[in-house]
Structures are given as C-alpha cells and as structure tokens.
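Chemist: Mind looking over this structure? Questions follow.
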Amino acid sequence: MASTVTEEPSKDSASSRPGYGQLLRTRGAWTFLLPGFAARQPFAMLTISIVLLVQHTTGSYGAAGAAAAVTGVSMAVFAPYSGRLADRYGQRAVLIPGVLVHTVSGLTLTALALAHAPLWALFVAAVPTGASVPQVGPMVRARWGVKLQGSPLMSTAAAFESVTDELTFVVGPLLATALCTAVDPAAGLVTEATLTLVGGLLFAAQRSTQPAVTGGGHARVRHASALRVPGVRVLIVTFLGIGSVFGGMQVSLAAFTESIGSPGLNGVLYGTFAAGNMLAGLVCGAIVWKVSPQRRLLVGYAALALAASGLWAAHSVLVLAALGLLVGMCIAPALITGYTLVESLVPAGARTEAFTWLTGAVALGQAAAVTVAGQLEDRLWGGAGFLVPMGGTLLALITLLALRSRLETRAAGRTVARGVGHRVPVAVD
C-alpha cells in the first residue's frame with residue numbers, strides 16, 4: 001500500500017512533520033491525557049475479570065461468558081446515550097454519577113459471585129455494571145477534536161488514541177489475570193472498580209479541556225443523533241466484527257491456557273495480541289497515507305478476516321502467540337481508520353455520541369463473542385471458540401463491501417444528519 005510522510009508546516013509547532021511529537025505538544029493536551037489513561041485502564045480489565053471470577057465460582061465458561069456478555073450488551077445499549085448526554089450537558093455531568101454507579105454495581109457483582117448467587121442474580125448486577133462503564137476513550141477523542149479541528153494532526157490523534165487503547169489492553173488483561181490467579185479470583189473486579197472511581201473522578205476534574213456546551217436556538221440541530229449518518233451505521237457493523245475478535249480471544253485463550261495447565265499464560269498471550277495492535281497503531285500514526293481511508297478500511301479489514309480465520313487451527317503456544325500478534329496488527333488499522341472517518345462523516349456536536357456508538361459496537365460484539373465462544377468451548381472441542389473471530393470478521397467484511405459507498409465523506413458545507421453542517425463552531429481553549 002503506497003504511502004508517504006510529508007513535510008507540512010504547522011502553525012502550532014516548530015516541527016514540520018505532523019507526527020506524535022507535534023501532537024503531544026498541543027497546548028493543554030497532557031491535562032486530559034494522563035487522567036484519561038488512568039480512567040480508561042479499568043475498561044480492559046472488566047470482561048476478563050468477570051470471566052475469571054465467574055468461571056472460578058461456577059466451573060463453567062458458558063456461565064462466565066454469559067455474565068460478561070450481559071455486561072457488554074448493557075454497555076453497548078447505554079454507551080450512546082452517555083455520549084449524547086455528554087455532548088449536550090458536558091462530560092463532567094455524565095462522568096461523576098457514572099463512576100459512582102459503576103463502582104457500587106461492580107462491587108455488588110463481585111460479592112454475589114463469591115456468595116455463589118444464582119446466575120440470574122449475577123445478570124441483574126451485571127446490567128448496571130455495564131451501563132455505567134465510563135466512556136473515557138470517546139471523551140478523550142472528542143477533546144482532541146476540539147483542540148485539532150481542521151488540523152492534519154487529527155489522523156495522528158486517532159492513531160495515538162488507538163495505541164493508548166491497546167496499551168490498556170496490554171496492561172489490563174495482564175494485571176487482571178495476575179490478580180485473579182495469584183491474589184484472589186475477586187481481586188480483578190475489585191481493582192477495576194477502584195481504578196474506575198479514582199481515574200474517573202480525576203478525569204472529570206479537568207474541566208478546561210472538555211468540549212464547550214452551548215445552548216441557544218441551534219440546540220435541536222446540534223444534537224441530532226449521530227446514528228442518522230449512514231456511514232456511522234456501516235462503521236457500527238464493522239466494529240461489531242472487531243468486538244467479536246476481542247471477545248472470542250479472551251474466552252478461547254483462557255480455555256486454551258487452562259487446558260495445557262498454564263492459566264498464567266492467558267494474560268501473556270492476550271498481551272501479545274494487544275501488543276501487535278499497539279505496534280501497528282504506532283506505525284499507522286507515523287504515516288500520512290496517500291490512499292483514501294475508505295480503501296484502507298476495506299483492505300485492512302480483509303487482512304483482519306484472513307488472519308482471524310487461522311486461529312482455530314493453532315494447537316501450540318508459539319503458533320497461537322504468532323497468530324495473535326498478526327491478528328492484533330490487523331485490528332489497529334481498521335480501528336484507526338474507522339475513528340478517523342467519524343471526523344469527516346459526523347458533525348462536531350455529535351462526535352462524542354458517534355465515538356460511543358463505535359465503542360458500544362465493540363462491546364456488543366465482544367459480548368456476543370464471549371457468550372458463543374464460551375458455549376463452544378463447553379460443548380465442542382478445545383479451541384472451538386476461535387471460530388467466533390473468524391465468523392464475526394467475515395460477516396462484517398461482507399457487510400462492509402456491500403455498503404462501502406455509504407462511507408464516502410461529504411464535502412464541507414454539505415448537510416448531514418438533518419441539515420447539520422459538517423463544521424459546527426466550537427470554542428477552543
């Protein structure tokens with residue numbers, strides 16, 4: 001795929017290359033990046049912590065996957081509403097009550113699991129746990145959108161955020177697995193709830209960098225749903241397939257490492273998968289592509305589906321680690337390109353909502369995947385859960401190919417989502 005790195009002057013930096021160094025010198029960026037990283041870290045711990053705890057207390061990967069799936073579905077359903085409220089009332093107004101509810105419900109879920117409560121009781125507790133997951137990643141992306149509106153650094157910011165997300169998916173599963181296996185099966189969820197509370201409140205305290213909330217006569221148009229943009233609906237299906245990879249890998253790797261008597265390798269293998277994603281994200285962010293994002297998404301997603309199709313055939317740790325690394329390297333370009341397309345498809349006043357739709361789609365795909373993969377691992381052969389990433393990405397690829405024309409970006413000044421202009425004035429700090 002042809003690419004080039006350009007030397008373009010920037011008004012914001014003495015550096016002429018629109019890369020990570022210039023991005024991180026954006027005024028005020030570190031005030032939300034550091035607390036944002038702390039606040040999003042628990043997100044990568046939640047599903048695997050639930051799977052390991054419930055599997056320990058019930059002895060069933062099917063039950064563990066189902067409990068994690070309820071959390072994921074709840075998050076997918078409520079995340080867009082959280083994003084819409086953040087666009088309308090401000091991020092702080094949504095974050096503070098959200099992290100409080102999440103902490104209480106997460107600890108309740110932990111207590112019920114340890115008390116061997118019936119599965120339906122775990123489901124009841126899992127609903128508010130998932131619904132209240134703080135959408136810090138989309139909120140950080142929205143803050144970048146305010147800082148970099150119209151700047152060529154937007155694609156670099158999208159890549160940087162993908163790398164940050166994947167760094168959490170390297171650290172999170174390793175930390176959760178270590179806590180659950182070496183300390184106590186409940187330690188993962190307890191730590192996740194604690195980090196959510198502390199990190200979320202610290203991020204909410206950064207009021208100066210959050211997108212401005214304005215009222216007035218244009219409020220109805222400004223808050224039109226991002227879901228009305230056809231391209232967003234296509235990206236949602238695409239991200240559902242990516243979620244199927246995350247969920248299928250989490251359950252299947254846990255089952256595989258337990259079957260060979262080395263459950264501690266679960267975090268290492270999943271970390272290898274996430275490391276591939278992170279490394280690919282770094283490379284993508286360092287390049288200014290000549291190929292259109294629509295075409296990059298198609299090619300990158302085809303590569304992801306092909307790589308995921310070989311997971312079920314891996315029967316050794318080394319082969320599985322190599323394939324996991326390859327799959328991870330294919331995910332990053334798709335994620336980065338999808339988030340970059342939001343910048344051109346969705347009006348500024350609805351971007352936090354759009355980002356949460358995509359994040360929610362990943363969570364929903366992950367939820368479905370952990371459920372199906374758990375059932376396959378319980379009922380079929382070891383490794384059958386790896387069929388889920390293959391099926392999910394292939395179905396999403398077919399949809400993406402059929403509806404690719406809806407990803408064509410609209411020129412500035414054209415109307416989207418009930419007459420909302422592509423650019424909506426937003427106050428910049």
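Ordered as shown in the structure tokens, chains take letters A, B, and onward, while each chain numbers its residues from 1 and ligands are numbered from 1 in the order shown.
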Write out as a PyMOL selection string all residues of range 247-358 of chain A that backbone DSSP assigns to helix (DSSP H, G or I).
Modeler: chain A and resi 247-259+265-285+293-308+311-313+317-345+348-358
Chemist: Would you list the contacts of Phe386 in chain A as a PyMOL selection string, taking every protein, DNA or RNA residue within 12 Å and counting only C-alpha atoms, but skipping same-chain residues closer than 5 positions in sequence?
Modeler: chain A and resi 244-256+307-315+320+323-324+369-370+372-377+380-381+391-393
Chemist: Skip Val124 in chain A itself and residues of its chain fewer than 4 positions away, then list as a ChimeraX atom specification all residues within 10 Å of it, counting only C-alpha atoms.
Modeler: /A:67,70-71,105,109,119-120,128-129
Chemist: Would you output that residue set with N, CA and C atoms, as a PDB file, in the first residue's frame?
Modeler:
```pdb
ATOM      1  N   ALA A  67     -22.328 -14.063  31.787  1.00  0.00           N
ATOM      2  CA  ALA A  67     -22.305 -12.932  32.722  1.00  0.00           C
ATOM      3  C   ALA A  67     -21.542 -11.753  32.131  1.00  0.00           C
ATOM      4  N   VAL A  70     -23.699 -10.065  29.376  1.00  0.00           N
ATOM      5  CA  VAL A  70     -24.739  -9.152  29.855  1.00  0.00           C
ATOM      6  C   VAL A  70     -24.129  -7.782  30.132  1.00  0.00           C
ATOM      7  N   THR A  71     -22.948  -7.776  30.722  1.00  0.00           N
ATOM      8  CA  THR A  71     -22.259  -6.506  30.968  1.00  0.00           C
ATOM      9  C   THR A  71     -21.973  -5.782  29.661  1.00  0.00           C
ATOM     10  N   SER A 105     -21.992  -1.008  41.654  1.00  0.00           N
ATOM     11  CA  SER A 105     -22.539  -2.194  40.992  1.00  0.00           C
ATOM     12  C   SER A 105     -21.458  -3.242  40.735  1.00  0.00           C
ATOM     13  N   LEU A 109     -21.603  -7.050  42.128  1.00  0.00           N
ATOM     14  CA  LEU A 109     -21.430  -8.234  41.284  1.00  0.00           C
ATOM     15  C   LEU A 109     -20.368  -9.157  41.873  1.00  0.00           C
ATOM     16  N   LEU A 119     -27.307 -17.571  38.761  1.00  0.00           N
ATOM     17  CA  LEU A 119     -26.821 -16.850  37.591  1.00  0.00           C
ATOM     18  C   LEU A 119     -27.679 -15.631  37.284  1.00  0.00           C
ATOM     19  N   TRP A 120     -28.992 -15.751  37.519  1.00  0.00           N
ATOM     20  CA  TRP A 120     -29.868 -14.614  37.217  1.00  0.00           C
ATOM     21  C   TRP A 120     -29.517 -13.408  38.085  1.00  0.00           C
ATOM     22  N   PRO A 128     -26.336  -2.845  35.523  1.00  0.00           N
ATOM     23  CA  PRO A 128     -25.817  -1.509  35.851  1.00  0.00           C
ATOM     24  C   PRO A 128     -24.296  -1.425  35.772  1.00  0.00           C
ATOM     25  N   THR A 129     -23.612  -2.537  35.969  1.00  0.00           N
ATOM     26  CA  THR A 129     -22.152  -2.514  35.848  1.00  0.00           C
ATOM     27  C   THR A 129     -21.742  -2.133  34.431  1.00  0.00           C
TER      28      THR A 129
END
```
Chemist: To one decimal in Å, tell me the separation between CA of Glu258 in chain A and CA of Gly276 in chain A.
Modeler: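 One can read the CA of Glu258 in chain A to CA of Gly276 in chain A distance as 23.1 Å.
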Chemist: I'd like the neighbourhood of Ala158 in chain A as a PDB file with all heavy atoms, in the first residue's frame, where a residue qualifies if any of its atoms comes within 7 Å (using only C-alpha atoms), though same-chain residues fewer than 5 positions away should be ignored.
Modeler:
```pdb
ATOM      1  N   ILE A 336      -8.282   2.596  13.681  1.00  0.00           N
ATOM      2  CA  ILE A 336      -7.826   3.963  13.444  1.00  0.00           C
ATOM      3  C   ILE A 336      -8.587   4.595  12.288  1.00  0.00           C
ATOM      4  O   ILE A 336      -9.043   5.744  12.362  1.00  0.00           O
ATOM      5  CB  ILE A 336      -6.313   3.971  13.165  1.00  0.00           C
ATOM      6  CG1 ILE A 336      -5.545   3.606  14.438  1.00  0.00           C
ATOM      7  CG2 ILE A 336      -5.850   5.342  12.654  1.00  0.00           C
ATOM      8  CD1 ILE A 336      -4.080   3.321  14.208  1.00  0.00           C
ATOM      9  N   TYR A 339     -12.272   5.429  13.267  1.00  0.00           N
ATOM     10  CA  TYR A 339     -12.381   6.632  14.089  1.00  0.00           C
ATOM     11  C   TYR A 339     -12.039   7.884  13.290  1.00  0.00           C
ATOM     12  O   TYR A 339     -12.611   8.953  13.514  1.00  0.00           O
ATOM     13  CB  TYR A 339     -11.471   6.520  15.308  1.00  0.00           C
ATOM     14  CG  TYR A 339     -12.020   5.649  16.409  1.00  0.00           C
ATOM     15  CD1 TYR A 339     -11.305   4.556  16.884  1.00  0.00           C
ATOM     16  CD2 TYR A 339     -13.258   5.910  16.980  1.00  0.00           C
ATOM     17  CE1 TYR A 339     -11.796   3.750  17.900  1.00  0.00           C
ATOM     18  CE2 TYR A 339     -13.766   5.114  17.987  1.00  0.00           C
ATOM     19  CZ  TYR A 339     -13.036   4.030  18.446  1.00  0.00           C
ATOM     20  OH  TYR A 339     -13.539   3.236  19.452  1.00  0.00           O
ATOM     21  N   THR A 340     -11.095   7.772  12.359  1.00  0.00           N
ATOM     22  CA  THR A 340     -10.749   8.922  11.523  1.00  0.00           C
ATOM     23  C   THR A 340     -11.919   9.316  10.630  1.00  0.00           C
ATOM     24  O   THR A 340     -12.180  10.505  10.407  1.00  0.00           O
ATOM     25  CB  THR A 340      -9.519   8.597  10.655  1.00  0.00           C
ATOM     26  OG1 THR A 340      -8.416   8.253  11.498  1.00  0.00           O
ATOM     27  CG2 THR A 340      -9.121   9.785   9.790  1.00  0.00           C
TER      28      THR A 340
END
```
Chemist: If we count only C-alpha atoms, what is near Leu197 in chain A at a cut-off of 10 Å, once residues fewer than 6 positions away on the same chain are taken out, given as a CSV table (one decimal) with N, CA, C and O atoms, in the first residue's frame?
Modeler:
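After the write, around_8.csv holds the following:
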```csv
chain,number,residue,atom,x,y,z
A,39,ALA,N,-8.2,6.6,33.7
A,39,ALA,CA,-9.6,6.3,33.8
A,39,ALA,C,-10.0,5.2,32.8
A,39,ALA,O,-11.0,4.5,33.1
A,42,PRO,N,-9.3,0.6,33.5
A,42,PRO,CA,-10.2,-0.5,34.0
A,42,PRO,C,-11.1,-1.1,32.9
A,42,PRO,O,-11.5,-2.3,33.1
A,95,LEU,N,-19.8,11.9,33.8
A,95,LEU,CA,-18.8,11.1,34.4
A,95,LEU,C,-19.0,10.8,35.9
A,95,LEU,O,-18.9,9.7,36.4
A,96,ILE,N,-19.2,11.9,36.6
A,96,ILE,CA,-19.3,11.7,38.1
A,96,ILE,C,-20.3,10.7,38.6
A,96,ILE,O,-20.0,9.8,39.3
A,98,GLY,N,-21.7,8.5,36.8
A,98,GLY,CA,-21.4,7.2,36.2
A,98,GLY,C,-20.4,6.4,36.9
A,98,GLY,O,-20.6,5.2,37.1
A,99,VAL,N,-19.3,7.0,37.4
A,99,VAL,CA,-18.3,6.2,38.0
A,99,VAL,C,-18.7,5.8,39.4
A,99,VAL,O,-18.3,4.7,39.9
A,100,LEU,N,-19.6,6.6,40.0
A,100,LEU,CA,-20.1,6.1,41.4
A,100,LEU,C,-21.0,4.9,41.2
A,100,LEU,O,-20.9,3.9,42.0
A,101,VAL,N,-21.9,4.9,40.2
A,101,VAL,CA,-22.8,3.8,40.0
A,101,VAL,C,-22.0,2.6,39.6
A,101,VAL,O,-22.2,1.4,40.1
A,102,HIS,N,-21.0,2.8,38.8
A,102,HIS,CA,-20.2,1.6,38.3
A,102,HIS,C,-19.4,1.0,39.5
A,102,HIS,O,-19.3,-0.3,39.6
A,103,THR,N,-18.9,1.8,40.3
A,103,THR,CA,-18.1,1.2,41.5
A,103,THR,C,-19.0,0.4,42.4
A,103,THR,O,-18.7,-0.7,42.7
A,104,VAL,N,-20.2,0.9,42.7
A,104,VAL,CA,-21.1,0.2,43.6
A,104,VAL,C,-21.6,-1.1,42.9
A,104,VAL,O,-21.6,-2.2,43.5
A,134,PRO,N,-17.6,4.1,32.3
A,134,PRO,CA,-17.3,5.5,31.8
A,134,PRO,C,-16.7,5.4,30.4
A,134,PRO,O,-15.8,4.7,30.2
A,191,THR,N,-10.2,-4.4,41.9
A,191,THR,CA,-9.2,-3.4,41.4
A,191,THR,C,-9.9,-2.5,40.3
A,191,THR,O,-9.6,-1.3,40.2
```
Chemist: Between A:Tyr61, A:Ser316, A:Gln91, A:Ala396, which is the closest to Ile260 in chain A once you count only C-alpha atoms?
Modeler: A:Ser316
Chemist: Measuring between only C-alpha atoms, which one of A:Pro35, A:Gly65, A:Leu189, A:Ala205 shows the shortest distance to Asp378 in chain A?
Modeler: A:Gly65
